[in-house]
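Visitor: Below is the file entry_32.cif, which contains mmCIF, C-alpha atoms.
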data_run
#
loop_
_atom_site.label_atom_id
_atom_site.label_comp_id
_atom_site.auth_asym_id
_atom_site.auth_seq_id
_atom_site.Cartn_x
_atom_site.Cartn_y
_atom_site.Cartn_z
CA GLY A 1 171.04 -24.76 170.85
CA SER A 2 170.65 -25.85 167.28
CA ALA A 3 171.77 -29.39 166.62
CA MET A 4 172.27 -28.84 162.92
CA SER A 5 175.99 -29.32 163.23
CA PHE A 6 176.25 -31.11 159.94
CA LEU A 7 175.91 -27.74 158.24
CA LYS A 8 179.23 -26.42 157.04
CA ARG A 9 180.50 -23.53 155.05
CA PHE A 10 181.91 -24.46 151.65
CA PRO A 11 182.10 -22.92 148.20
CA PRO A 12 179.43 -23.89 145.72
CA PRO A 13 180.49 -26.61 143.28
CA ALA A 14 182.02 -25.20 140.12
CA GLU A 15 182.24 -28.24 137.91
CA GLY A 16 179.74 -30.67 136.53
CA VAL A 17 176.71 -28.81 137.79
CA ARG A 18 173.83 -30.29 135.85
CA HIS A 19 171.23 -28.11 137.50
CA GLN A 20 171.18 -25.26 139.94
CA GLN A 21 168.08 -24.00 141.64
CA ALA A 22 168.05 -20.84 143.69
CA ASP A 23 165.33 -19.86 146.13
CA THR A 24 165.04 -23.44 147.32
CA GLU A 25 164.15 -24.35 150.85
CA ALA A 26 165.74 -27.41 152.37
CA VAL A 27 163.78 -29.41 154.90
CA LEU A 28 165.15 -32.28 156.97
CA ALA A 29 162.70 -34.57 158.73
CA GLY A 30 160.10 -31.85 158.65
CA ARG A 31 162.36 -29.11 159.94
CA SER A 32 163.32 -26.23 157.67
CA LEU A 33 167.00 -25.47 157.24
CA GLY A 34 166.33 -22.18 155.52
CA SER A 35 166.33 -20.94 151.98
CA GLY A 36 169.23 -21.32 149.63
CA THR A 37 170.45 -22.83 146.39
CA LEU A 38 170.42 -26.47 145.42
CA TYR A 39 173.31 -27.65 143.26
CA ILE A 40 172.78 -30.90 141.43
CA ALA A 41 176.33 -31.71 140.38
CA GLU A 42 177.79 -34.87 138.96
CA SER A 43 179.98 -35.47 141.99
CA ARG A 44 177.46 -34.76 144.72
CA LEU A 45 174.26 -33.02 145.63
CA SER A 46 174.81 -29.80 147.55
CA TRP A 47 172.62 -27.22 149.14
CA LEU A 48 173.86 -23.89 150.42
CA GLU A 49 171.77 -21.58 152.46
CA ASN A 50 171.92 -17.94 151.45
CA SER A 51 174.19 -17.33 154.43
CA GLY A 52 176.76 -19.70 152.92
CA VAL A 53 176.42 -22.77 155.13
CA GLY A 54 174.99 -25.97 153.86
CA PHE A 55 175.57 -29.65 153.30
CA SER A 56 176.34 -32.17 150.61
CA LEU A 57 174.99 -35.60 149.91
CA ASP A 58 176.87 -38.28 148.05
CA TYR A 59 174.84 -40.10 145.42
CA PRO A 60 175.71 -43.58 146.65
CA THR A 61 173.98 -42.69 149.92
CA ILE A 62 170.80 -41.58 148.18
CA SER A 63 168.28 -44.42 148.03
CA LEU A 64 165.68 -42.65 145.98
CA HIS A 65 164.38 -39.29 144.93
CA ALA A 66 160.99 -38.17 143.72
CA VAL A 67 158.78 -35.29 142.71
CA SER A 68 155.92 -34.82 145.10
CA ARG A 69 152.96 -32.71 144.06
CA ASP A 70 150.55 -34.31 146.49
CA LEU A 71 149.59 -31.34 148.64
CA SER A 72 147.65 -33.52 151.04
CA ALA A 73 150.87 -35.28 151.98
CA TYR A 74 153.04 -32.17 152.14
CA PRO A 75 151.80 -28.64 151.56
CA TRP A 76 154.34 -27.67 148.92
CA GLU A 77 155.46 -29.31 145.72
CA HIS A 78 158.99 -30.49 146.23
CA LEU A 79 161.85 -32.78 145.39
CA TYR A 80 161.99 -35.58 147.92
CA VAL A 81 165.31 -37.24 148.62
CA MET A 82 165.76 -40.27 150.84
CA VAL A 83 169.26 -40.77 152.16
CA ASN A 84 170.80 -43.85 153.71
CA ALA A 85 172.48 -42.01 156.54
CA LYS A 86 171.77 -40.38 159.84
CA PHE A 87 171.83 -36.64 160.18
CA GLU A 88 171.64 -34.88 163.49
CA GLU A 89 168.23 -33.58 164.23
CA GLU A 90 167.02 -31.47 167.08
CA GLU A 91 166.39 -33.31 170.36
CA ARG A 92 167.68 -36.55 168.99
CA LYS A 93 171.09 -37.46 170.21
CA GLU A 94 173.18 -39.96 168.39
CA ALA A 95 173.81 -42.16 171.41
CA PRO A 96 175.69 -45.30 170.51
CA VAL A 97 173.43 -48.30 170.49
CA ALA A 98 174.89 -51.47 171.96
CA GLU A 99 174.42 -54.60 169.95
CA GLY A 100 171.25 -56.40 170.81
CA GLU A 101 169.44 -53.27 171.81
CA GLU A 102 166.79 -51.83 169.61
CA GLU A 103 166.70 -48.19 168.67
CA GLU A 104 163.56 -46.65 170.03
CA ASP A 105 162.31 -45.28 166.77
CA ASP A 106 162.87 -48.39 164.71
CA SER A 107 160.66 -51.39 164.88
CA ASP A 108 162.83 -53.70 162.82
CA ASP A 109 166.16 -55.07 163.89
CA ASP A 110 168.10 -54.53 160.75
CA THR A 111 166.85 -51.14 159.74
CA GLU A 112 169.27 -48.88 158.11
CA PRO A 113 169.38 -45.22 158.95
CA ILE A 114 167.16 -43.05 156.85
CA ALA A 115 167.04 -39.31 156.49
CA GLU A 116 164.34 -37.58 154.50
CA PHE A 117 165.12 -34.34 152.77
CA ARG A 118 162.72 -32.15 150.90
CA PHE A 119 163.87 -29.42 148.56
CA VAL A 120 161.11 -26.93 147.93
CA PRO A 121 161.86 -24.62 145.01
CA GLY A 122 160.25 -21.23 144.83
CA ASP A 123 159.70 -22.01 141.18
CA LYS A 124 157.83 -25.29 141.22
CA SER A 125 157.94 -25.58 137.45
CA ALA A 126 161.62 -26.41 137.90
CA LEU A 127 160.87 -29.69 139.62
CA GLU A 128 160.99 -31.74 136.42
CA ALA A 129 164.42 -30.44 135.53
CA MET A 130 165.65 -30.96 139.08
CA PHE A 131 164.35 -34.52 139.09
CA SER A 132 165.89 -35.36 135.72
CA ALA A 133 169.23 -33.86 136.64
CA MET A 134 169.28 -36.01 139.73
CA CYS A 135 168.45 -39.13 137.73
CA GLU A 136 171.34 -38.41 135.40
CA CYS A 137 173.79 -37.82 138.22
CA GLN A 138 172.59 -40.84 140.14
CA ALA A 139 173.21 -43.02 137.10
CA LEU A 140 176.83 -41.88 137.16
CA HIS A 141 177.29 -43.60 140.48
CA PRO A 142 176.33 -47.24 140.12
CA ASP A 143 176.66 -49.38 143.18
CA PRO A 144 180.25 -50.59 143.44
CA ASP A 145 179.29 -53.19 146.04
CA ASP A 146 176.83 -54.88 143.77
CA GLU A 147 177.41 -58.50 144.69
CA ASP A 148 174.10 -59.82 143.49
CA SER A 149 174.64 -59.31 139.82
CA ASP A 150 177.22 -61.00 137.74
CA ASN A 151 178.39 -57.79 136.22
CA ASP A 152 181.92 -58.94 135.88
CA TYR A 153 182.42 -57.41 132.50
CA GLU A 154 185.86 -56.02 133.10
CA GLY A 155 188.69 -56.94 130.84
CA ASP A 156 189.10 -58.10 127.32
CA GLU A 157 185.80 -59.64 126.64
CA TYR A 158 183.67 -56.67 127.33
CA ASP A 159 185.46 -53.36 127.01
CA VAL A 160 184.48 -52.88 123.43
CA GLU A 161 185.04 -49.17 123.23
CA ALA A 162 188.14 -49.21 125.40
CA ARG A 163 189.68 -51.79 123.21
CA GLU A 164 188.75 -50.12 120.00
CA LEU A 165 190.08 -46.80 121.09
CA GLU A 166 193.00 -48.40 122.90
CA GLN A 167 192.33 -46.73 126.15
CA GLY A 168 191.19 -48.09 129.45
CA ASP A 169 189.61 -44.99 130.81
CA ILE A 170 185.98 -45.74 130.36
CA PRO A 171 184.38 -43.00 132.46
CA THR A 172 185.64 -40.19 130.27
CA PHE A 173 184.42 -42.04 127.24
CA TYR A 174 180.92 -42.11 128.58
CA THR A 175 180.57 -38.48 129.39
CA TYR A 176 179.11 -37.82 126.02
CA GLU A 177 176.26 -40.17 126.63
CA GLU A 178 174.11 -37.30 127.60
CA GLY A 179 174.50 -36.11 124.06
CA LEU A 180 173.75 -39.58 122.76
CA SER A 181 170.39 -39.59 124.40
CA HIS A 182 169.48 -36.44 122.51
CA LEU A 183 170.19 -37.86 119.11
CA THR A 184 167.32 -38.25 116.73
CA THR A 185 166.71 -41.69 115.29
CA GLU A 186 168.52 -40.60 112.18
CA GLY A 187 171.38 -39.20 114.18
CA GLN A 188 171.61 -42.36 116.17
CA ALA A 189 171.66 -44.44 113.01
CA THR A 190 174.43 -42.28 111.64
CA LEU A 191 176.37 -42.64 114.84
CA GLU A 192 175.98 -46.41 114.80
CA ARG A 193 177.14 -46.56 111.19
CA LEU A 194 180.17 -44.39 111.92
CA GLU A 195 180.99 -46.43 115.00
CA GLY A 196 180.74 -49.57 112.94
CA MET A 197 183.15 -48.17 110.42
CA LEU A 198 185.54 -47.18 113.16
CA ALA A 199 185.29 -50.60 114.74
CA GLN A 200 186.24 -52.31 111.54
CA SER A 201 189.17 -50.08 110.77
CA VAL A 202 190.50 -50.25 114.32
CA SER A 203 189.95 -53.98 114.64
CA SER A 204 192.34 -54.45 111.76
CA GLN A 205 195.12 -53.55 114.18
CA TYR A 206 194.63 -56.83 115.94
CA ASN A 207 195.82 -58.76 112.98
CA MET A 208 199.46 -59.16 112.12
CA ALA A 209 200.59 -56.44 109.80
CA GLY A 210 197.01 -55.65 108.98
CA VAL A 211 196.59 -58.77 106.97
CA ARG A 212 193.44 -60.69 107.44
CA THR A 213 193.49 -64.30 106.52
CA GLU A 214 191.10 -67.11 107.17
CA ASP A 215 193.57 -68.41 109.76
CA SER A 216 193.67 -65.21 111.72
CA ILE A 217 189.92 -65.12 111.75
CA ARG A 218 189.75 -68.60 113.19
CA GLU A 219 192.30 -67.66 115.85
CA PHE A 220 189.95 -65.09 117.19
CA ASP A 221 187.00 -67.37 117.22
CA ASP A 222 186.35 -67.03 120.93
CA GLY A 223 183.12 -65.22 120.47
CA MET A 224 184.72 -62.10 119.09
CA GLU A 225 184.19 -61.86 115.41
CA VAL A 226 186.53 -59.93 113.22
CA ASP A 227 184.93 -58.36 110.23
CA ILE A 228 186.06 -59.40 106.83
CA ALA A 229 185.31 -56.47 104.61
CA PRO A 230 186.32 -53.05 105.92
CA VAL A 231 184.04 -50.26 104.88
CA VAL A 232 186.78 -47.68 105.12
CA ALA A 233 189.62 -49.05 103.10
CA GLY A 234 193.20 -48.38 103.93
CA GLN A 235 192.91 -45.50 106.33
CA PHE A 236 194.01 -47.30 109.47
CA GLU A 237 195.72 -50.30 108.07
CA ASP A 238 199.27 -48.99 108.07
CA ALA A 239 200.37 -50.79 111.19
CA GLU A 240 203.99 -50.12 110.38
CA VAL A 241 203.75 -46.39 110.08
CA ASP A 242 205.06 -44.37 112.99
CA HIS A 243 202.63 -41.83 114.27
CA MET B 1 160.78 -50.31 123.81
CA GLU B 2 163.70 -48.73 125.56
CA VAL B 3 167.25 -49.84 124.98
CA SER B 4 170.26 -48.02 126.29
CA HIS B 5 172.48 -46.07 123.92
CA SER B 6 175.48 -47.33 125.80
CA VAL B 7 177.32 -50.40 124.59
CA LYS B 8 178.32 -51.24 128.12
CA GLU B 9 174.76 -51.00 129.37
CA ARG B 10 173.41 -53.07 126.51
CA THR B 11 175.98 -55.75 127.27
CA ILE B 12 175.11 -55.77 130.95
CA ALA B 13 171.39 -55.85 130.20
CA GLU B 14 171.72 -58.62 127.68
CA ASN B 15 173.52 -60.81 130.20
CA SER B 16 171.19 -60.28 133.13
CA LEU B 17 167.53 -60.20 133.91
CA VAL B 18 167.62 -56.41 133.86
CA ILE B 19 166.63 -56.95 130.28
CA LEU B 20 163.29 -58.25 131.48
CA LEU B 21 162.73 -55.17 133.60
CA GLN B 22 163.54 -52.98 130.64
CA GLY B 23 160.82 -54.79 128.77
CA LEU B 24 158.30 -53.52 131.32
CA HIS B 25 158.62 -50.01 130.00
CA GLY B 26 155.21 -48.34 130.02
CA LEU B 27 153.60 -50.90 132.29
CA VAL B 28 152.30 -50.30 135.77
CA THR B 29 154.50 -52.26 138.12
CA THR B 30 155.15 -52.56 141.84
CA VAL B 31 158.67 -52.29 143.13
CA ASP B 32 159.50 -53.52 146.61
CA LEU B 33 162.35 -51.61 148.13
CA ARG B 34 165.04 -52.88 150.42
CA ASP B 35 163.61 -50.99 153.37
CA GLU B 36 160.25 -52.66 152.77
CA SER B 37 158.51 -49.67 151.34
CA THR B 38 156.79 -50.22 148.01
CA ALA B 39 156.22 -48.11 144.97
CA THR B 40 153.60 -48.76 142.32
CA GLY B 41 153.76 -46.78 139.13
CA ARG B 42 154.35 -46.80 135.40
CA VAL B 43 157.86 -47.80 134.40
CA THR B 44 159.49 -45.02 132.45
CA ASN B 45 163.05 -46.31 132.56
CA VAL B 46 165.20 -49.12 133.86
CA ASP B 47 168.92 -48.93 133.28
CA ALA B 48 171.57 -51.61 133.40
CA PHE B 49 172.24 -50.89 137.07
CA MET B 50 168.59 -51.58 137.81
CA ASN B 51 167.90 -47.97 138.65
CA VAL B 52 164.14 -47.74 138.16
CA ARG B 53 162.22 -44.65 137.19
CA LEU B 54 158.46 -44.69 137.71
CA ALA B 55 155.70 -42.18 136.96
CA LYS B 56 152.42 -41.55 138.76
CA VAL B 57 153.50 -43.47 141.79
CA THR B 58 151.66 -44.66 144.83
CA PHE B 59 154.33 -44.94 147.46
CA THR B 60 153.83 -46.82 150.70
CA ASP B 61 156.63 -46.23 153.15
CA ARG B 62 157.86 -48.79 155.63
CA GLN B 63 155.45 -47.51 158.23
CA GLY B 64 152.55 -47.97 155.87
CA THR B 65 151.97 -44.30 155.09
CA VAL B 66 150.71 -43.83 151.56
CA SER B 67 151.65 -40.90 149.41
CA HIS B 68 151.51 -40.04 145.74
CA LEU B 69 154.54 -39.04 143.78
CA ASP B 70 154.62 -37.69 140.27
CA GLU B 71 157.89 -39.35 139.51
CA LEU B 72 160.16 -41.61 141.46
CA PHE B 73 163.71 -42.80 140.87
CA VAL B 74 164.91 -45.74 142.94
CA THR B 75 168.53 -46.76 142.86
CA GLY B 76 169.18 -50.33 141.83
CA ARG B 77 170.84 -50.99 145.13
CA ASN B 78 167.58 -50.36 146.91
CA VAL B 79 165.38 -52.49 144.73
CA ARG B 80 164.48 -55.76 146.35
CA TYR B 81 161.77 -57.08 144.05
CA VAL B 82 160.06 -55.95 140.93
CA HIS B 83 156.64 -57.45 140.48
CA ILE B 84 156.18 -58.57 136.92
CA PRO B 85 152.59 -57.86 135.90
CA ASP B 86 150.57 -61.05 135.38
CA GLU B 87 149.79 -60.25 131.79
CA VAL B 88 153.44 -60.08 130.83
CA ASP B 89 154.79 -62.98 128.82
CA ILE B 90 158.25 -63.09 130.34
CA ARG B 91 159.97 -65.08 127.66
CA ALA B 92 158.49 -63.08 124.83
CA THR B 93 159.51 -59.87 126.56
CA ILE B 94 163.09 -61.00 126.95
CA GLU B 95 163.24 -62.14 123.36
CA ARG B 96 161.82 -58.86 122.14
CA GLN B 97 164.40 -56.89 124.10
CA LEU B 98 167.21 -59.06 122.78
CA GLN B 99 165.96 -58.51 119.25
CA THR B 100 166.03 -54.78 119.77
CA ILE B 101 169.58 -54.93 121.05
CA HIS B 102 170.63 -57.10 118.16
CA ARG B 103 169.01 -54.76 115.66
CA ILE B 104 171.19 -51.99 117.04
CA ARG B 105 174.25 -54.14 117.25
CA TYR B 106 174.01 -55.54 113.76
CA PHE B 107 172.90 -52.36 112.16
CA GLY B 108 174.06 -52.40 108.58
CA GLY B 109 173.95 -56.15 108.27
CA ARG B 110 175.19 -59.18 110.05
CA ASP B 111 178.71 -59.06 108.72
CA LYS B 112 179.19 -55.38 109.16
CA GLY B 113 179.07 -53.10 112.15
CA ARG B 114 180.72 -53.52 115.48
CA LYS B 115 180.52 -56.85 117.20
CA GLU B 116 179.74 -56.70 120.86
CA PHE B 117 180.60 -59.55 123.15
CA PRO B 118 177.82 -61.99 123.79
CA ARG B 119 179.17 -63.55 126.93
CA ALA B 120 180.22 -62.14 130.25
CA LYS B 121 183.58 -63.19 131.60
CA HIS B 122 183.38 -65.51 134.56
CA LYS B 123 186.17 -65.55 137.07
#
Translate the structure of the given file into structure tokens.
Guide:
Amino acid sequence: GSAMSFLKRFPPPAEGVRHQQADTEAVLAGRSLGSGTLYIAESRLSWLENSGVGFSLDYPTISLHAVSRDLSAYPWEHLYVMVNAKFEEEERKEAPVAEGEEEEDDSDDDTEPIAEFRFVPGDKSALEAMFSAMCECQALHPDPDDEDSDNDYEGDEYDVEARELEQGDIPTFYTYEEGLSHLTTEGQATLERLEGMLAQSVSSQYNMAGVRTEDSIREFDDGMEVDIAPVVAGQFEDAEVDH
Amino acid sequence: MEVSHSVKERTIAENSLVILLQGLHGLVTTVDLRDESTATGRVTNVDAFMNVRLAKVTFTDRQGTVSHLDELFVTGRNVRYVHIPDEVDIRATIERQLQTIHRIRYFGGRDKGRKEFPRAKHK
């Protein structure tokens, strides 16, 4: 019988769907899973066959994705997705491999599992949008196990926006970044100016009673500079007012 | 020259060599992936998490099969090496990227605008 037991029935994602593409065939390791709809959502990538069964892929498991228009490599233009996981395929049982034994289809010892999906839209002009939507969603899921980089920017020294807005919930703050990337140069300049003004007025809250003195400036001389002349005068300086 | 619109990403980039990769924007570069496949193409974007986006890519998979991809996005986690083209002056590229970040950061003048934090915290 069919070994596609990873296919399940589930409702299509309702939230955070950046792109949806109907009439899209899903192919796993060269074998077609049927025609359905691809949902490129912020939380995961899902594909549902027209019959209602399908599968989802989590972005952290996706190594790469690409647009392939090379018909000599594959006869249809498609979105290629490489996943760091094993999916059941026909005639290939997932027998447990004892340590020290090599898997028969892998030549290297340390190879990680790889599954290759192809999503072939009926409308191939949609491939650009599908690719971009995936890039955006992928960027929302940076590698949490990133040990190589010294990205230890948590806490006081780095959370500029969190500190300014007095909240720690960074992810929600960044959801408007998509909008940021669509700003014109002028719009971006305006945004930077406004953010600068906000930074100065909010940063006044870090001084006692809103008073800036030379002493208080020196106190904060740990790399964080406090601005001297606020552009927006008075608006946020009433530290003693109850809101 | 591409610089992120995100303060967090600019801070990360400024404090790591990702900033060098971001300076390769528009150049044809080879990326070696963790699974030993390679991708050669024109850099269209590198973000602070080292996710790399390439255009007009020649992709050689780990078995050696070559294919051509219009666009490719590799997650930072799966990047092993990025080959810096020989003609790139690494130091000048880094300095140029830093200047771009500082232009954004100090927009409106050195004593105005938001100050970002120049140093990462070390545990």
Visitor: Can you check which residues of chain A have any atom within 6 Å of chain B? Use all atoms listed in the file and format it as a PyMOL selection string.
Guide: chain A and resi 63-68+70+153+158+196+199
Visitor: To one decimal in Å, tell me the separation between atom CA of A:Ala85 and atom CA of A:Phe119.
Guide: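 Those two atoms sit 17.2 Å apart.
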Visitor: Just need the box for stretch 61-76 of chain B, edges along x, y and z, holding every atom the file lists for it with 8 Å tacked onto each side, so centre and edge lengths in Å to one decimal, as lines of an AutoDock Vina configuration file.
Guide:
center_x = 159.9
center_y = -44.0
center_z = 148.9
size_x = 34.5
size_y = 28.6
size_z = 34.7
Visitor: Identify, on the basis of only C-alpha atoms, every residue whose closest approach to A:Leu79 does not exceed 12 Å; exclude the query and any residue fewer than 3 positions from it along the same chain; express the result as a PyMOL selection string.
Guide: (chain A and resi 21+24-27+38+40+64-70+74+76+82+116-135) or (chain B and resi 69-73)
Visitor: Set the distance at 6 Å and use all atoms listed in the file: which residues neighbour B:Asp32 once local chain neighbours fewer than 5 positions away are removed? I'd like the list as a count of residues only.
Guide: 3
Visitor: Quick one: residues within 10 Å of B:Gly23, only C-alpha atoms counted, chain neighbours fewer than 3 positions away excluded, as an MDAnalysis selection string?
Guide: chainID B and resid 1:3 18:20 26:27 43 45:46 88 90 92:98
Visitor: Kindly export the residues of the current selection with C-alpha atoms, as a PDB file, in the coordinates of the input.
Guide:
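To be explicit, this is the file written out as selection-v1.pdb:
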ATOM      1  CA  MET B   1     160.780 -50.310 123.810  1.00  0.00           C
ATOM      2  CA  GLU B   2     163.700 -48.730 125.560  1.00  0.00           C
ATOM      3  CA  VAL B   3     167.250 -49.840 124.980  1.00  0.00           C
ATOM      4  CA  VAL B  18     167.620 -56.410 133.860  1.00  0.00           C
ATOM      5  CA  ILE B  19     166.630 -56.950 130.280  1.00  0.00           C
ATOM      6  CA  LEU B  20     163.290 -58.250 131.480  1.00  0.00           C
ATOM      7  CA  GLY B  26     155.210 -48.340 130.020  1.00  0.00           C
ATOM      8  CA  LEU B  27     153.600 -50.900 132.290  1.00  0.00           C
ATOM      9  CA  VAL B  43     157.860 -47.800 134.400  1.00  0.00           C
ATOM     10  CA  ASN B  45     163.050 -46.310 132.560  1.00  0.00           C
ATOM     11  CA  VAL B  46     165.200 -49.120 133.860  1.00  0.00           C
ATOM     12  CA  VAL B  88     153.440 -60.080 130.830  1.00  0.00           C
ATOM     13  CA  ILE B  90     158.250 -63.090 130.340  1.00  0.00           C
ATOM     14  CA  ALA B  92     158.490 -63.080 124.830  1.00  0.00           C
ATOM     15  CA  THR B  93     159.510 -59.870 126.560  1.00  0.00           C
ATOM     16  CA  ILE B  94     163.090 -61.000 126.950  1.00  0.00           C
ATOM     17  CA  GLU B  95     163.240 -62.140 123.360  1.00  0.00           C
ATOM     18  CA  ARG B  96     161.820 -58.860 122.140  1.00  0.00           C
ATOM     19  CA  GLN B  97     164.400 -56.890 124.100  1.00  0.00           C
ATOM     20  CA  LEU B  98     167.210 -59.060 122.780  1.00  0.00           C
TER      21      LEU B  98
END
Visitor: Quick one: residues within 7 Å of A:Thr37, all atoms listed in the file counted, chain neighbours fewer than 3 positions away excluded, as a ChimeraX atom specification?
Guide: /A:20-24,47-49
Visitor: Keeping only C-alpha atoms, write the selected residues as a short mmCIF file (atom, residue, chain, number, x, y, z; two decimals), in the frame of the given file.
Guide:
data_model
loop_
_atom_site.label_atom_id
_atom_site.label_comp_id
_atom_site.auth_asym_id
_atom_site.auth_seq_id
_atom_site.Cartn_x
_atom_site.Cartn_y
_atom_site.Cartn_z
CA GLN A 20 171.18 -25.26 139.94
CA GLN A 21 168.08 -24.00 141.64
CA ALA A 22 168.05 -20.84 143.69
CA ASP A 23 165.33 -19.86 146.13
CA THR A 24 165.04 -23.44 147.32
CA TRP A 47 172.62 -27.22 149.14
CA LEU A 48 173.86 -23.89 150.42
CA GLU A 49 171.77 -21.58 152.46
#
Visitor: Could you check the closest approach to A:Ile62 for each of A:Gly34, A:Pro75, A:Pro13, A:Pro142 and tell me which residue wins, using only C-alpha atoms?
Guide: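 So, comparing all the options, the nearest one is A:Pro142.
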Visitor: How would you write, as a list in words, the residues chosen by the PyMOL selection byres ((chain B and resi 40) around 7) on this structure?
Guide: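 Applied to this file, the PyMOL selection byres ((chain B and resi 40) around 7) selects Val28, Thr29, Thr30, Val31, Thr38, Ala39, Gly41, Val57, Thr58 and Phe59 of chain B.
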Visitor: What is the atom CA of A:Ala14-atom CA of A:Phe55 distance in Å, reported with one decimal?
Guide: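 According to the coordinates, atom CA of A:Ala14 and atom CA of A:Phe55 are separated by 15.3 Å.
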